[in-house]
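Visitor: For reference, the file model-v6.cif (mmCIF, C-alpha atoms; chains and numbers go by the auth columns) is included below:
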data_coords
#
loop_
_atom_site.group_PDB
_atom_site.id
_atom_site.type_symbol
_atom_site.label_atom_id
_atom_site.label_comp_id
_atom_site.label_asym_id
_atom_site.label_seq_id
_atom_site.Cartn_x
_atom_site.Cartn_y
_atom_site.Cartn_z
_atom_site.B_iso_or_equiv
_atom_site.auth_seq_id
_atom_site.auth_asym_id
ATOM 1 C CA MET A 1 93.571 103.817 120.110 0.00 185 A
ATOM 2 C CA THR A 2 96.026 105.953 118.182 0.00 186 A
ATOM 3 C CA THR A 3 95.169 108.021 115.177 0.00 187 A
ATOM 4 C CA ALA A 4 97.250 108.049 112.038 0.00 188 A
ATOM 5 C CA ALA A 5 99.368 111.097 111.326 0.00 189 A
ATOM 6 C CA PRO A 6 97.605 113.781 109.280 0.00 190 A
ATOM 7 C CA LEU A 7 98.371 113.966 105.591 0.00 191 A
ATOM 8 C CA THR A 8 100.849 116.545 104.354 0.00 192 A
ATOM 9 C CA PRO A 9 99.794 119.026 101.631 0.00 193 A
ATOM 10 C CA ALA A 10 101.783 116.997 99.087 0.00 194 A
ATOM 11 C CA GLN A 11 100.003 113.798 100.136 0.00 195 A
ATOM 12 C CA VAL A 12 96.607 115.502 99.870 0.00 196 A
ATOM 13 C CA ALA A 13 97.547 116.770 96.399 0.00 197 A
ATOM 14 C CA ALA A 14 98.436 113.202 95.376 0.00 198 A
ATOM 15 C CA LEU A 15 95.012 111.812 96.330 0.00 199 A
ATOM 16 C CA PRO A 16 92.744 110.546 93.544 0.00 200 A
ATOM 17 C CA ALA A 17 89.925 112.718 92.168 0.00 201 A
ATOM 18 C CA MET A 18 87.397 111.006 94.452 0.00 202 A
ATOM 19 C CA PRO A 19 89.188 110.035 97.673 0.00 203 A
ATOM 20 C CA SER A 20 87.483 107.866 100.268 0.00 204 A
ATOM 21 C CA VAL A 21 86.129 109.462 103.398 0.00 205 A
ATOM 22 C CA LEU A 22 88.908 107.701 105.322 0.00 206 A
ATOM 23 C CA GLU A 23 91.459 109.638 103.248 0.00 207 A
ATOM 24 C CA ALA A 24 89.447 112.821 103.857 0.00 208 A
ATOM 25 C CA PHE A 25 89.434 112.084 107.596 0.00 209 A
ATOM 26 C CA ALA A 26 93.229 111.732 107.506 0.00 210 A
ATOM 27 C CA ALA A 27 93.586 114.981 105.553 0.00 211 A
ATOM 28 C CA LEU A 28 91.422 116.769 108.141 0.00 212 A
ATOM 29 C CA ASN A 29 93.215 115.032 111.045 0.00 213 A
ATOM 30 C CA ILE A 30 90.050 113.540 112.526 0.00 214 A
ATOM 31 C CA GLY A 31 89.444 109.960 113.584 0.00 215 A
ATOM 32 C CA GLN A 32 87.097 107.464 111.975 0.00 216 A
ATOM 33 C CA THR A 33 84.531 107.531 114.774 0.00 217 A
ATOM 34 C CA LEU A 34 84.159 111.308 114.748 0.00 218 A
ATOM 35 C CA GLY A 35 84.334 111.441 110.953 0.00 219 A
ATOM 36 C CA TYR A 36 81.578 108.885 110.395 0.00 220 A
ATOM 37 C CA GLN A 37 79.464 110.538 113.106 0.00 221 A
ATOM 38 C CA MET A 38 79.823 113.889 111.311 0.00 222 A
ATOM 39 C CA VAL A 39 78.875 112.255 108.001 0.00 223 A
ATOM 40 C CA ARG A 40 75.854 110.552 109.596 0.00 224 A
ATOM 41 C CA ASP A 41 74.715 113.807 111.257 0.00 225 A
ATOM 42 C CA GLY A 42 75.209 115.844 108.076 0.00 226 A
ATOM 43 C CA GLU A 43 77.908 117.946 109.763 0.00 227 A
ATOM 44 C CA PHE A 44 80.913 116.935 107.672 0.00 228 A
ATOM 45 C CA PRO A 45 82.361 120.152 106.196 0.00 229 A
ATOM 46 C CA ILE A 46 82.634 118.677 102.688 0.00 230 A
ATOM 47 C CA GLU A 47 79.860 117.115 100.622 0.00 231 A
ATOM 48 C CA VAL A 48 79.983 113.330 100.952 0.00 232 A
ATOM 49 C CA LEU A 49 78.813 111.226 98.038 0.00 233 A
ATOM 50 C CA ARG A 50 77.422 107.782 98.743 0.00 234 A
ATOM 51 C CA LEU A 51 78.109 105.286 95.978 0.00 235 A
ATOM 52 C CA GLY A 52 76.433 102.108 97.139 0.00 236 A
ATOM 53 C CA ARG A 53 78.230 101.214 100.344 0.00 237 A
ATOM 54 C CA ILE A 54 81.192 103.482 99.612 0.00 238 A
ATOM 55 C CA PHE A 55 81.504 107.083 100.778 0.00 239 A
ATOM 56 C CA ARG A 56 83.621 109.459 98.698 0.00 240 A
ATOM 57 C CA VAL A 57 84.400 113.182 98.585 0.00 241 A
ATOM 58 C CA ARG A 58 85.539 115.378 95.730 0.00 242 A
ATOM 59 C CA LYS A 59 89.240 116.148 95.859 0.00 243 A
ATOM 60 C CA ALA A 60 88.544 119.689 94.619 0.00 244 A
ATOM 61 C CA ASP A 61 86.196 120.283 97.585 0.00 245 A
ATOM 62 C CA LEU A 62 88.789 118.905 99.998 0.00 246 A
ATOM 63 C CA LEU A 63 91.545 121.085 98.531 0.00 247 A
ATOM 64 C CA THR A 64 89.333 124.173 98.681 0.00 248 A
ATOM 65 C CA TYR A 65 88.309 123.496 102.287 0.00 249 A
ATOM 66 C CA LEU A 66 91.938 123.021 103.328 0.00 250 A
ATOM 67 C CA GLY A 67 93.065 126.100 101.380 0.00 251 A
ATOM 68 C CA LEU A 68 95.338 124.014 99.177 0.00 252 A
ATOM 69 C CA ALA A 69 93.771 124.757 95.777 0.00 253 A
ATOM 70 C CA GLU A 70 96.419 127.406 95.024 0.00 254 A
ATOM 71 C CA PHE A 71 99.188 125.061 96.201 0.00 255 A
ATOM 72 C CA VAL A 72 98.088 122.357 93.767 0.00 256 A
ATOM 73 C CA ALA A 73 97.624 124.866 90.931 0.00 257 A
ATOM 74 C CA ALA A 74 101.188 126.108 91.475 0.00 258 A
ATOM 75 C CA GLU A 75 102.469 122.511 91.464 0.00 259 A
ATOM 76 C CA VAL A 76 100.689 121.814 88.175 0.00 260 A
ATOM 77 C CA GLN A 77 102.048 124.992 86.570 0.00 261 A
ATOM 78 C CA SER A 78 105.546 124.143 87.752 0.00 262 A
ATOM 79 C CA ALA A 79 105.289 120.634 86.307 0.00 263 A
ATOM 80 C CA ALA A 80 103.945 121.988 83.014 0.00 264 A
ATOM 81 C CA ALA A 81 106.829 124.458 82.743 0.00 265 A
ATOM 82 C CA THR A 82 109.413 121.720 83.158 0.00 266 A
ATOM 83 C CA THR A 83 107.836 119.460 80.528 0.00 267 A
ATOM 84 C CA ASP A 84 107.773 122.290 77.949 0.00 268 A
ATOM 85 C CA ASP A 85 111.569 122.257 77.967 0.00 269 A
ATOM 86 C CA ALA A 86 111.808 118.495 77.470 0.00 270 A
ATOM 87 C CA PRO A 87 114.056 117.403 74.610 0.00 271 A
ATOM 88 C CA GLY A 88 112.271 116.331 71.470 0.00 272 A
ATOM 89 C CA VAL A 89 109.136 118.301 72.245 0.00 273 A
ATOM 90 C CA GLN A 90 108.368 120.887 69.597 0.00 274 A
ATOM 91 C CA PRO A 91 104.944 122.409 70.259 0.00 275 A
ATOM 92 C CA GLU A 92 105.336 124.895 67.370 0.00 276 A
ATOM 93 C CA ALA A 93 105.739 122.231 64.696 0.00 277 A
ATOM 94 C CA PRO A 94 102.734 119.923 64.520 0.00 278 A
ATOM 95 C CA SER A 95 103.318 116.715 62.630 0.00 279 A
ATOM 96 C CA ILE A 96 100.861 116.493 59.771 0.00 280 A
ATOM 97 C CA GLU A 97 101.151 113.634 57.381 0.00 281 A
ATOM 98 C CA GLN A 98 100.869 114.622 53.737 0.00 282 A
ATOM 99 C CA PRO A 99 98.992 112.272 51.413 0.00 283 A
ATOM 100 C CA ALA A 100 101.092 110.453 48.869 0.00 284 A
ATOM 101 C CA PRO A 101 100.916 111.977 45.368 0.00 285 A
ATOM 102 C CA ILE A 102 98.604 110.191 42.989 0.00 286 A
ATOM 103 C CA SER A 103 100.132 109.361 39.606 0.00 287 A
ATOM 104 C CA LYS A 104 97.951 109.281 36.496 0.00 288 A
#
What is this file in structure tokens?
Guide:
Amino acid sequence: MTTAAPLTPAQVAALPAMPSVLEAFAALNIGQTLGYQMVRDGEFPIEVLRLGRIFRVRKADLLTYLGLAEFVAAEVQSAAATTDDAPGVQPEAPSIEQPAPISK
């Protein structure tokens, strides 16, 4: 049986906030059998949350364990810097609607 290729840092950063344990296994480059055995034995390095029959992990925990928290923070800051320069965006001038004057 072949294992899937491990996820790249960019792919890990693109995971949802609560990835499945299968996605966590791929990020850690471990197979399903070993991964589920570690979960069952309480040896998985990240807290696993059981939601009914579904097992999930926190993306923040996964990023921290892999040492990618700074990588993702830098990506977010870079994206925020590019959107600040977008045309039509004027953060200094909030649009406040003025009430219509009332005539007596």
Visitor: I'd like the contact shell of range 217-228 of chain A - 12 Å cut-off, only C-alpha atoms, skipping same-chain residues fewer than 5 positions apart - returned as a count of residues only.
Guide: 19
Visitor: Can you list, as a VMD selection string, the residues that the PyMOL selection byres ((chain A and resi 244) around 10) selects here?
Guide: chain A and resid 197 201 to 202 241 to 243 245 to 250 252 to 253 256
Visitor: How would the residues just picked look written out with C-alpha atoms as a PDB file, in the coordinates of the input?
Guide:
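As written to disk, again.pdb reads:
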ATOM      1  CA  ALA A 197      97.547 116.770  96.399  1.00  0.00           C
ATOM      2  CA  ALA A 201      89.925 112.718  92.168  1.00  0.00           C
ATOM      3  CA  MET A 202      87.397 111.006  94.452  1.00  0.00           C
ATOM      4  CA  VAL A 241      84.400 113.182  98.585  1.00  0.00           C
ATOM      5  CA  ARG A 242      85.539 115.378  95.730  1.00  0.00           C
ATOM      6  CA  LYS A 243      89.240 116.148  95.859  1.00  0.00           C
ATOM      7  CA  ASP A 245      86.196 120.283  97.585  1.00  0.00           C
ATOM      8  CA  LEU A 246      88.789 118.905  99.998  1.00  0.00           C
ATOM      9  CA  LEU A 247      91.545 121.085  98.531  1.00  0.00           C
ATOM     10  CA  THR A 248      89.333 124.173  98.681  1.00  0.00           C
ATOM     11  CA  TYR A 249      88.309 123.496 102.287  1.00  0.00           C
ATOM     12  CA  LEU A 250      91.938 123.021 103.328  1.00  0.00           C
ATOM     13  CA  LEU A 252      95.338 124.014  99.177  1.00  0.00           C
ATOM     14  CA  ALA A 253      93.771 124.757  95.777  1.00  0.00           C
ATOM     15  CA  VAL A 256      98.088 122.357  93.767  1.00  0.00           C
TER      16      VAL A 256
END
Visitor: For CA of Pro229 in chain A and CA of Gln195 in chain A, determine how far apart the two atoms are, in Å to one decimal place.
Guide: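 Between CA of Pro229 in chain A and CA of Gln195 in chain A the gap is 19.7 Å.
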Visitor: Can you tell me, as JSON, the centre and edge lengths (Å, one decimal) of the axis-aligned box enclosing all of range 214-230 of chain A's listed atoms after padding each side by 3 Å?
Guide:
{"center_x": 82.4, "center_y": 113.8, "center_z": 108.7, "size_x": 21.3, "size_y": 18.7, "size_z": 18.1}
Visitor: Please, what distance in Å, to one decimal, runs between CA of Pro203 in chain A and CA of Gly251 in chain A?
Guide: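 These two atoms are separated by 16.9 Å.
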Visitor: So how many Å separate CA of Val196 in chain A and CA of Arg237 in chain A, to one decimal?
Guide: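 According to the coordinates, CA of Val196 in chain A and CA of Arg237 in chain A are separated by 23.3 Å.
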